[in-house]
$ cat data.pdb   # PDB, C-alpha atoms
ATOM      1  CA  MET J   1      23.288  49.875 146.856
ATOM      2  CA  ARG J   2      25.193  48.621 143.817
ATOM      3  CA  VAL J   3      28.040  50.898 142.725
ATOM      4  CA  LYS J   4      28.174  51.568 139.009
ATOM      5  CA  LYS J   5      31.535  50.534 137.575
ATOM      6  CA  LYS J   6      33.678  52.905 135.565
ATOM      7  CA  LEU J   7      34.016  52.325 131.834
ATOM      8  CA  LEU J   8      37.729  51.476 131.894
ATOM      9  CA  ASP J   9      37.160  49.013 134.731
ATOM     10  CA  LEU J  10      34.536  47.280 132.596
ATOM     11  CA  VAL J  11      37.048  47.176 129.727
ATOM     12  CA  ARG J  12      39.664  45.551 131.977
ATOM     13  CA  GLU J  13      37.154  42.991 133.282
ATOM     14  CA  LYS J  14      36.084  42.038 129.769
ATOM     15  CA  ILE J  15      39.681  41.690 128.595
ATOM     16  CA  GLN J  16      40.532  39.450 131.533
ATOM     17  CA  PHE J  17      37.356  37.419 131.015
ATOM     18  CA  LYS J  18      38.451  36.749 127.425
ATOM     19  CA  HIS J  19      41.941  35.750 128.666
ATOM     20  CA  TYR J  20      43.778  38.478 126.768
ATOM     21  CA  SER J  21      47.317  39.197 127.912
ATOM     22  CA  TYR J  22      48.183  41.991 130.320
ATOM     23  CA  SER J  23      50.086  43.810 127.560
ATOM     24  CA  THR J  24      46.923  43.784 125.426
ATOM     25  CA  GLU J  25      44.964  45.103 128.392
ATOM     26  CA  LYS J  26      47.366  48.008 128.873
ATOM     27  CA  THR J  27      47.383  48.787 125.148
ATOM     28  CA  TYR J  28      43.593  48.743 124.748
ATOM     29  CA  VAL J  29      42.999  50.814 127.871
ATOM     30  CA  HIS J  30      45.567  53.354 126.670
ATOM     31  CA  TRP J  31      43.944  53.864 123.263
ATOM     32  CA  ILE J  32      40.397  53.945 124.620
ATOM     33  CA  LYS J  33      41.418  56.551 127.168
ATOM     34  CA  HIS J  34      43.246  58.508 124.461
ATOM     35  CA  TYR J  35      40.130  58.404 122.261
ATOM     36  CA  ILE J  36      37.908  59.684 125.081
ATOM     37  CA  PHE J  37      40.279  62.538 125.957
ATOM     38  CA  PHE J  38      40.558  63.519 122.280
ATOM     39  CA  HIS J  39      36.796  64.102 122.297
ATOM     40  CA  SER J  40      36.888  66.147 125.528
ATOM     41  CA  LYS J  41      35.959  63.223 127.813
ATOM     42  CA  LYS J  42      32.720  62.528 125.988
ATOM     43  CA  HIS J  43      31.323  59.072 126.758
ATOM     44  CA  PRO J  44      31.885  56.621 123.840
ATOM     45  CA  ILE J  45      28.228  55.564 123.861
ATOM     46  CA  GLU J  46      27.380  59.123 122.810
ATOM     47  CA  MET J  47      29.818  58.935 119.897
ATOM     48  CA  GLY J  48      29.916  56.862 116.753
ATOM     49  CA  LYS J  49      31.188  56.609 113.183
ATOM     50  CA  ARG J  50      32.064  60.305 112.782
ATOM     51  CA  GLU J  51      34.051  60.560 116.024
ATOM     52  CA  ILE J  52      35.975  57.349 115.325
ATOM     53  CA  GLU J  53      36.903  58.518 111.822
ATOM     54  CA  MET J  54      38.042  61.878 113.171
ATOM     55  CA  TYR J  55      40.210  60.205 115.771
ATOM     56  CA  LEU J  56      41.829  57.667 113.429
ATOM     57  CA  THR J  57      42.485  60.365 110.822
ATOM     58  CA  LYS J  58      44.108  62.551 113.466
ATOM     59  CA  LEU J  59      46.459  59.692 114.404
ATOM     60  CA  ALA J  60      47.576  59.392 110.778
ATOM     61  CA  THR J  61      47.807  63.077 109.804
ATOM     62  CA  GLU J  62      48.821  64.880 112.988
ATOM     63  CA  ASP J  63      50.516  62.203 115.084
ATOM     64  CA  ASN J  64      52.135  60.457 112.089
ATOM     65  CA  VAL J  65      51.738  57.042 113.698
ATOM     66  CA  ALA J  66      52.714  53.819 111.934
ATOM     67  CA  PRO J  67      49.977  51.754 110.250
ATOM     68  CA  THR J  68      50.306  49.063 112.910
ATOM     69  CA  THR J  69      49.794  51.664 115.639
ATOM     70  CA  GLN J  70      46.681  53.029 113.946
ATOM     71  CA  ASN J  71      45.333  49.490 113.526
ATOM     72  CA  GLN J  72      46.052  48.848 117.183
ATOM     73  CA  ALA J  73      44.003  51.889 118.188
ATOM     74  CA  PHE J  74      41.187  50.818 115.868
ATOM     75  CA  SER J  75      41.194  47.305 117.351
ATOM     76  CA  ALA J  76      40.878  48.816 120.820
ATOM     77  CA  LEU J  77      37.832  50.831 119.729
ATOM     78  CA  LEU J  78      36.290  47.791 118.056
ATOM     79  CA  PHE J  79      36.679  45.898 121.317
ATOM     80  CA  LEU J  80      35.176  48.762 123.303
ATOM     81  CA  TYR J  81      32.052  49.107 121.182
ATOM     82  CA  LYS J  82      31.413  45.447 120.457
ATOM     83  CA  GLU J  83      32.485  43.662 123.649
ATOM     84  CA  VAL J  84      31.858  46.303 126.308
ATOM     85  CA  LEU J  85      29.104  48.562 124.971
ATOM     86  CA  GLY J  86      27.384  45.881 122.862
ATOM     87  CA  ILE J  87      27.337  48.028 119.715
ATOM     88  CA  ASP J  88      28.003  46.418 116.336
ATOM     89  CA  MET J  89      30.280  48.656 114.237
ATOM     90  CA  SER J  90      30.161  46.472 111.117
ATOM     91  CA  GLU J  91      27.438  48.607 109.515
ATOM     92  CA  TRP J  92      29.250  51.886 110.161
ATOM     93  CA  ASN J  93      31.798  51.332 107.360
ATOM     94  CA  ILE J  94      34.537  53.386 109.025
ATOM     95  CA  GLN J  95      36.338  55.540 106.440
ATOM     96  CA  ALA J  96      39.402  57.196 107.942
ATOM     97  CA  LEU J  97      42.623  58.367 106.341
ATOM     98  CA  ARG J  98      45.016  55.455 106.784
ATOM     99  CA  ALA J  99      48.571  55.877 107.985
ATOM    100  CA  GLN J 100      51.126  55.435 105.209
ATOM    101  CA  GLU J 101      52.543  51.959 105.266
ATOM    102  CA  ARG J 102      56.311  51.681 105.288
ATOM    103  CA  LYS J 103      57.794  48.669 103.586
ATOM    104  CA  HIS J 104      61.031  47.401 105.063
ATOM    105  CA  ILE J 105      63.461  44.938 103.582
ATOM    106  CA  PRO J 106      63.503  41.913 105.914
ATOM    107  CA  VAL J 107      66.727  41.159 107.780
ATOM    108  CA  VAL J 108      68.029  37.707 106.964
ATOM    109  CA  LEU J 109      70.668  35.868 108.979
ATOM    110  CA  THR J 110      72.904  33.140 107.664
ATOM    111  CA  LYS J 111      73.372  29.853 109.509
ATOM    112  CA  GLU J 112      76.795  31.029 110.733
ATOM    113  CA  GLU J 113      75.369  34.320 112.003
ATOM    114  CA  VAL J 114      72.648  32.524 113.932
ATOM    115  CA  LYS J 115      75.255  30.155 115.364
ATOM    116  CA  VAL J 116      77.523  32.956 116.566
ATOM    117  CA  ILE J 117      74.592  34.792 118.197
ATOM    118  CA  LEU J 118      73.615  31.630 120.073
ATOM    119  CA  GLN J 119      77.216  31.276 121.239
ATOM    120  CA  ASN J 120      77.236  34.831 122.615
ATOM    121  CA  VAL J 121      73.965  34.695 124.552
ATOM    122  CA  SER J 122      74.589  34.816 128.297
ATOM    123  CA  LYS J 123      74.467  31.444 130.051
ATOM    124  CA  GLU J 124      71.379  32.462 132.011
ATOM    125  CA  TYR J 125      69.282  32.864 128.847
ATOM    126  CA  SER J 126      71.082  30.421 126.568
ATOM    127  CA  LEU J 127      68.603  27.555 126.932
ATOM    128  CA  LEU J 128      65.640  29.866 126.401
ATOM    129  CA  VAL J 129      67.066  31.353 123.192
ATOM    130  CA  HIS J 130      68.184  27.943 121.889
ATOM    131  CA  LEU J 131      64.666  26.627 122.518
ATOM    132  CA  MET J 132      63.115  29.546 120.648
ATOM    133  CA  TYR J 133      65.325  28.919 117.659
ATOM    134  CA  GLY J 134      65.319  25.129 117.742
ATOM    135  CA  CYS J 135      61.525  24.896 118.035
ATOM    136  CA  GLY J 136      60.594  27.975 116.015
ATOM    137  CA  LEU J 137      58.830  29.542 118.997
ATOM    138  CA  ARG J 138      57.624  33.092 119.248
ATOM    139  CA  MET J 139      59.033  34.938 122.226
ATOM    140  CA  ASN J 140      55.763  34.939 124.188
ATOM    141  CA  GLU J 141      55.253  31.246 123.486
ATOM    142  CA  ALA J 142      58.655  30.398 124.952
ATOM    143  CA  LEU J 143      58.237  32.681 127.964
ATOM    144  CA  SER J 144      54.778  31.276 128.751
ATOM    145  CA  LEU J 145      55.967  27.662 128.943
ATOM    146  CA  ARG J 146      55.288  25.899 132.245
ATOM    147  CA  ILE J 147      56.765  22.698 133.664
ATOM    148  CA  LYS J 148      53.672  20.710 132.680
ATOM    149  CA  ASP J 149      54.147  21.697 129.022
ATOM    150  CA  ILE J 150      57.328  19.633 128.663
ATOM    151  CA  ASP J 151      56.558  15.970 127.981
ATOM    152  CA  PHE J 152      59.828  14.053 128.348
ATOM    153  CA  GLY J 153      58.089  10.709 127.864
ATOM    154  CA  PHE J 154      56.759  11.457 124.381
ATOM    155  CA  ASP J 155      59.411  14.105 123.534
ATOM    156  CA  LYS J 156      56.837  16.818 122.959
ATOM    157  CA  ILE J 157      56.319  20.435 123.947
ATOM    158  CA  TYR J 158      52.771  21.720 124.287
ATOM    159  CA  ILE J 159      51.935  25.268 123.228
ATOM    160  CA  TRP J 160      48.615  26.548 124.575
ATOM    161  CA  ASP J 161      46.598  29.557 123.404
ATOM    162  CA  SER J 162      49.133  30.533 120.779
ATOM    163  CA  LYS J 163      48.417  33.009 117.996
ATOM    164  CA  SER J 164      44.667  33.046 117.243
ATOM    165  CA  LEU J 165      44.226  31.050 120.495
ATOM    166  CA  LYS J 166      45.313  27.811 118.808
ATOM    167  CA  ASP J 167      46.983  24.931 120.648
ATOM    168  CA  ARG J 168      49.690  22.786 119.098
ATOM    169  CA  THR J 169      52.484  20.330 119.897
ATOM    170  CA  ILE J 170      56.062  20.481 118.651
ATOM    171  CA  PRO J 171      58.938  17.966 118.858
ATOM    172  CA  LEU J 172      61.207  18.326 121.873
ATOM    173  CA  PRO J 173      64.763  18.976 120.584
ATOM    174  CA  GLN J 174      66.862  15.986 121.625
ATOM    175  CA  LYS J 175      70.012  18.106 121.984
ATOM    176  CA  LEU J 176      68.235  20.249 124.555
ATOM    177  CA  LYS J 177      66.438  17.452 126.423
ATOM    178  CA  GLU J 178      69.015  17.051 129.204
ATOM    179  CA  LYS J 179      69.287  20.795 129.756
ATOM    180  CA  LEU J 180      65.504  21.091 129.873
ATOM    181  CA  PHE J 181      65.370  18.353 132.479
ATOM    182  CA  GLU J 182      67.951  20.242 134.554
ATOM    183  CA  GLN J 183      65.902  23.427 134.139
ATOM    184  CA  VAL J 184      62.800  21.666 135.484
ATOM    185  CA  GLU J 185      64.781  20.464 138.511
ATOM    186  CA  MET J 186      66.099  23.983 139.125
ATOM    187  CA  VAL J 187      62.600  25.483 138.973
ATOM    188  CA  THR J 188      61.277  22.753 141.287
ATOM    189  CA  THR J 189      63.926  23.594 143.882
ATOM    190  CA  LEU J 190      63.246  27.323 143.517
ATOM    191  CA  HIS J 191      59.520  26.747 143.953
ATOM    192  CA  LYS J 192      60.074  24.831 147.200
ATOM    193  CA  GLN J 193      62.143  27.729 148.508
ATOM    194  CA  ASP J 194      59.404  30.196 147.560
ATOM    195  CA  LEU J 195      56.793  28.115 149.368
ATOM    196  CA  ASP J 196      58.938  28.056 152.503
ATOM    197  CA  LYS J 197      59.095  31.869 152.370
ATOM    198  CA  GLY J 198      55.328  32.216 152.014
ATOM    199  CA  TYR J 199      55.239  32.739 148.257
ATOM    200  CA  GLY J 200      55.034  30.086 145.531
ATOM    201  CA  HIS J 201      51.825  31.322 143.903
ATOM    202  CA  VAL J 202      51.870  31.685 140.119
ATOM    203  CA  TYR J 203      49.463  33.346 137.717
ATOM    204  CA  ILE J 204      46.726  31.025 136.456
ATOM    205  CA  PRO J 205      44.160  32.064 133.810
ATOM    206  CA  TYR J 206      40.995  33.351 135.475
ATOM    207  CA  ALA J 207      38.678  30.428 134.615
ATOM    208  CA  LEU J 208      41.201  27.776 135.670
ATOM    209  CA  ALA J 209      42.038  29.644 138.870
ATOM    210  CA  LYS J 210      38.386  29.457 139.891
ATOM    211  CA  LYS J 211      37.980  25.828 138.865
ATOM    212  CA  TYR J 212      41.270  24.648 140.388
ATOM    213  CA  PRO J 213      42.061  27.100 143.222
ATOM    214  CA  HIS J 214      45.066  25.099 144.470
ATOM    215  CA  SER J 215      46.727  24.861 141.054
ATOM    216  CA  MET J 216      48.572  28.160 141.500
ATOM    217  CA  ILE J 217      50.885  26.600 144.093
ATOM    218  CA  GLU J 218      51.414  23.310 142.257
ATOM    219  CA  ASN J 219      54.875  22.710 140.880
ATOM    220  CA  LYS J 220      53.671  21.716 137.406
ATOM    221  CA  TRP J 221      52.123  25.159 136.861
ATOM    222  CA  GLN J 222      55.345  27.061 137.576
ATOM    223  CA  TYR J 223      56.941  28.894 134.669
ATOM    224  CA  LEU J 224      59.811  27.041 133.016
ATOM    225  CA  PHE J 225      61.834  30.246 132.773
ATOM    226  CA  PRO J 226      61.068  32.252 135.928
ATOM    227  CA  MET J 227      62.302  35.704 136.896
ATOM    228  CA  LYS J 228      65.146  36.072 139.369
ATOM    229  CA  ASN J 229      63.028  37.980 141.861
ATOM    230  CA  ILE J 230      59.501  37.964 143.237
ATOM    231  CA  SER J 231      57.390  40.732 141.699
ATOM    232  CA  ILE J 232      53.963  42.267 142.242
ATOM    233  CA  ASP J 233      51.227  41.099 139.877
ATOM    234  CA  PRO J 234      49.867  44.282 138.233
ATOM    235  CA  ARG J 235      46.344  42.858 138.182
ATOM    236  CA  SER J 236      45.922  41.080 141.520
ATOM    237  CA  LYS J 237      48.674  43.023 143.383
ATOM    238  CA  GLU J 238      49.895  39.697 144.795
ATOM    239  CA  LYS J 239      53.590  38.960 145.149
ATOM    240  CA  ARG J 240      54.507  36.241 142.676
ATOM    241  CA  ARG J 241      57.371  34.877 140.605
ATOM    242  CA  HIS J 242      56.499  35.582 137.000
ATOM    243  CA  HIS J 243      58.339  34.450 133.879
ATOM    244  CA  VAL J 244      61.326  36.290 132.417
ATOM    245  CA  HIS J 245      60.294  39.735 131.199
ATOM    246  CA  PRO J 246      60.146  40.094 127.376
ATOM    247  CA  GLN J 247      62.275  43.251 127.480
ATOM    248  CA  THR J 248      64.952  41.430 129.458
ATOM    249  CA  LEU J 249      65.086  38.640 126.883
ATOM    250  CA  GLY J 250      65.074  41.122 124.006
ATOM    251  CA  ARG J 251      67.938  43.077 125.542
ATOM    252  CA  ASN J 252      70.024  39.919 125.939
ATOM    253  CA  ILE J 253      69.488  38.881 122.312
ATOM    254  CA  LYS J 254      70.502  42.359 121.192
ATOM    255  CA  VAL J 255      73.655  42.264 123.351
ATOM    256  CA  ALA J 256      74.540  38.831 121.942
ATOM    257  CA  ALA J 257      74.289  40.215 118.399
ATOM    258  CA  GLN J 258      76.549  43.124 119.361
ATOM    259  CA  LYS J 259      79.121  40.763 120.876
ATOM    260  CA  ALA J 260      79.031  38.775 117.654
ATOM    261  CA  ASN J 261      79.960  41.987 115.781
ATOM    262  CA  LEU J 262      77.043  41.636 113.399
ATOM    263  CA  ASN J 263      76.220  44.747 111.426
ATOM    264  CA  LYS J 264      72.577  43.755 111.229
ATOM    265  CA  ARG J 265      69.561  44.746 113.282
ATOM    266  CA  VAL J 266      68.648  41.759 115.440
ATOM    267  CA  THR J 267      65.699  42.007 117.849
ATOM    268  CA  SER J 268      63.689  39.543 119.899
ATOM    269  CA  SER J 269      60.558  40.229 117.860
ATOM    270  CA  SER J 270      62.324  39.354 114.627
ATOM    271  CA  TRP J 271      64.182  36.343 116.057
ATOM    272  CA  TYR J 272      61.130  34.189 115.333
ATOM    273  CA  ARG J 273      61.674  34.796 111.608
ATOM    274  CA  PHE J 274      65.269  33.633 111.748
ATOM    275  CA  LYS J 275      64.507  29.910 111.619
ATOM    276  CA  VAL J 276      67.234  29.292 109.046
ATOM    277  CA  ASP J 277      67.722  25.595 109.800
ATOM    278  CA  THR J 278      66.269  23.934 112.868
ATOM    279  CA  ARG J 279      67.167  20.397 111.941
ATOM    280  CA  ALA J 280      70.432  20.536 113.882
ATOM    281  CA  PHE J 281      68.481  20.986 117.117
ATOM    282  CA  ARG J 282      66.008  18.217 116.375
ATOM    283  CA  ALA J 283      68.448  15.529 115.374
TER     284      ALA J 283
END

$ encode --input "data.pdb" --output "C-alpha cells"
Amino acid sequence: MRVKKKLLDLVREKIQFKHYSYSTEKTYVHWIKHYIFFHSKKHPIEMGKREIEMYLTKLATEDNVAPTTQNQAFSALLFLYKEVLGIDMSEWNIQALRAQERKHIPVVLTKEEVKVILQNVSKEYSLLVHLMYGCGLRMNEALSLRIKDIDFGFDKIYIWDSKSLKDRTIPLPQKLKEKLFEQVEMVTTLHKQDLDKGYGHVYIPYALAKKYPHSMIENKWQYLFPMKNISIDPRSKEKRRHHVHPQTLGRNIKVAAQKANLNKRVTSSSWYRFKVDTRAFRA
C-alpha cells in the first residue's frame, strides 16, 4: 500500500528537485507552515486568493515585517501553489496591503577602508575574503567554489548556478594564484585524511549524484573552503565536510571591520557591493 506523503515533504522534494539551496528550503517551508497555521491548519488546496491576501496583509499590518520578508512569504506561497499543487495563481491578481518599504542610504567604503579591512581579516579567512573582493563574488558564490572550478591553466574561475541559475567565468587574480594553489593542496591533503577515517563524501546536486554516484568522494568535487569539522547534512543526515558556514564568514568580516576601527556598518551581505577597485587584484 502506497503511503500518501505529507504536504511539507512534497514541498521539500520539489525544492530539492529544482536544486534550490537548503536555506531556500528552510525559508519556504517556514512560510508555508506559518500560512497554514494562520488559517487554523486548513489545507492550502481548500484556500485561494482571499486567504492569501488576508495572510499577506496580516504580515504587513500586524507583524510589521519588512517588504523583503513579505515578498519572501509570497514567493513561498507562489511556489506551493504552482510547483506543488499545480495551481496557477496568475489569474488571481493578489491584492494585499504591502509592507512599507524603507529606503536606506547605501554604505560606501573608500579604497583605504577596504584595504584596512582586508588586512584585519583573520589568516584563516583571508584568502576567501580577498577572493570575494578581487573577483567581485557574492558570498554564496565564493563559499560554493570547488577544486574543479579553479582553472590554473587558463587563469579562470568558473561560477555555476549563480543568481538566476546563470553560469559564468571570471579571471583568476594573479596575485592570489599561488595562494589558491596552496589552498587546493591543503584541501587535497585534508580530503585524503577524511577518506582514511571513513568520511570524504561531499554534497553533490541531486541529478549529478545519481548520474555520477562516485563523484562525491572525488577530490575535484571537494569544497575549496571547507569547514574545520565534519558535520551532519541536514537533508541526508550523512556526516560530511561542508563549506565554511555563511554566518562564520560574516562574523569574521564584521570583526575585521571592528578591528579596523571603522565607524561604518560592514556586513558580509553588503561586502559584494564594495567592489571599489578590483584592478589591483587582477594585475

$ atom_distance --input "data.pdb" --atom1 "CA of Glu112 in chain J" --atom2 "CA of Glu124 in chain J"
22.0 Å

$ resolve_selection --input "data.pdb" --expression "the PyMOL selection byres ((chain J and resi 67-82) around 7)" --output "PyMOL selection string"
chain J and resi 11+28+31-32+56+59+65-66+83-88+99-101

$ closest_residue --input "data.pdb" --among "J:Lys42, J:Leu8, J:Lys18, J:Ile147" --to "Asp161 in chain J" --atoms "all atoms listed in the file"
J:Lys18

$ resolve_selection --input "data.pdb" --expression "the PyMOL selection byres ((chain J and resi 194) around 12)" --output "count of residues only"
26

$ resolve_selection --input "data.pdb" --expression "the PyMOL selection byres ((chain J and resi 162) around 12)" --output "PDB file with C-alpha atoms, in the coordinates of the input"
ATOM      1  CA  HIS J  19      41.941  35.750 128.666  1.00  0.00           C
ATOM      2  CA  TYR J  20      43.778  38.478 126.768  1.00  0.00           C
ATOM      3  CA  SER J  21      47.317  39.197 127.912  1.00  0.00           C
ATOM      4  CA  LEU J 137      58.830  29.542 118.997  1.00  0.00           C
ATOM      5  CA  ARG J 138      57.624  33.092 119.248  1.00  0.00           C
ATOM      6  CA  MET J 139      59.033  34.938 122.226  1.00  0.00           C
ATOM      7  CA  ASN J 140      55.763  34.939 124.188  1.00  0.00           C
ATOM      8  CA  GLU J 141      55.253  31.246 123.486  1.00  0.00           C
ATOM      9  CA  ALA J 142      58.655  30.398 124.952  1.00  0.00           C
ATOM     10  CA  LEU J 143      58.237  32.681 127.964  1.00  0.00           C
ATOM     11  CA  SER J 144      54.778  31.276 128.751  1.00  0.00           C
ATOM     12  CA  LEU J 145      55.967  27.662 128.943  1.00  0.00           C
ATOM     13  CA  TYR J 158      52.771  21.720 124.287  1.00  0.00           C
ATOM     14  CA  ILE J 159      51.935  25.268 123.228  1.00  0.00           C
ATOM     15  CA  TRP J 160      48.615  26.548 124.575  1.00  0.00           C
ATOM     16  CA  ASP J 161      46.598  29.557 123.404  1.00  0.00           C
ATOM     17  CA  LYS J 163      48.417  33.009 117.996  1.00  0.00           C
ATOM     18  CA  SER J 164      44.667  33.046 117.243  1.00  0.00           C
ATOM     19  CA  LEU J 165      44.226  31.050 120.495  1.00  0.00           C
ATOM     20  CA  LYS J 166      45.313  27.811 118.808  1.00  0.00           C
ATOM     21  CA  ASP J 167      46.983  24.931 120.648  1.00  0.00           C
ATOM     22  CA  ARG J 168      49.690  22.786 119.098  1.00  0.00           C
ATOM     23  CA  THR J 169      52.484  20.330 119.897  1.00  0.00           C
TER      24      THR J 169
END

$ atom_distance --input "data.pdb" --atom1 "CA of Met227 in chain J" --atom2 "CA of Gln258 in chain J"
23.8 Å

$ closest_residue --input "data.pdb" --among "J:Phe181, J:Tyr35, J:Phe17, J:Tyr133" --to "Lys210 in chain J" --atoms "all atoms listed in the file"
J:Phe17
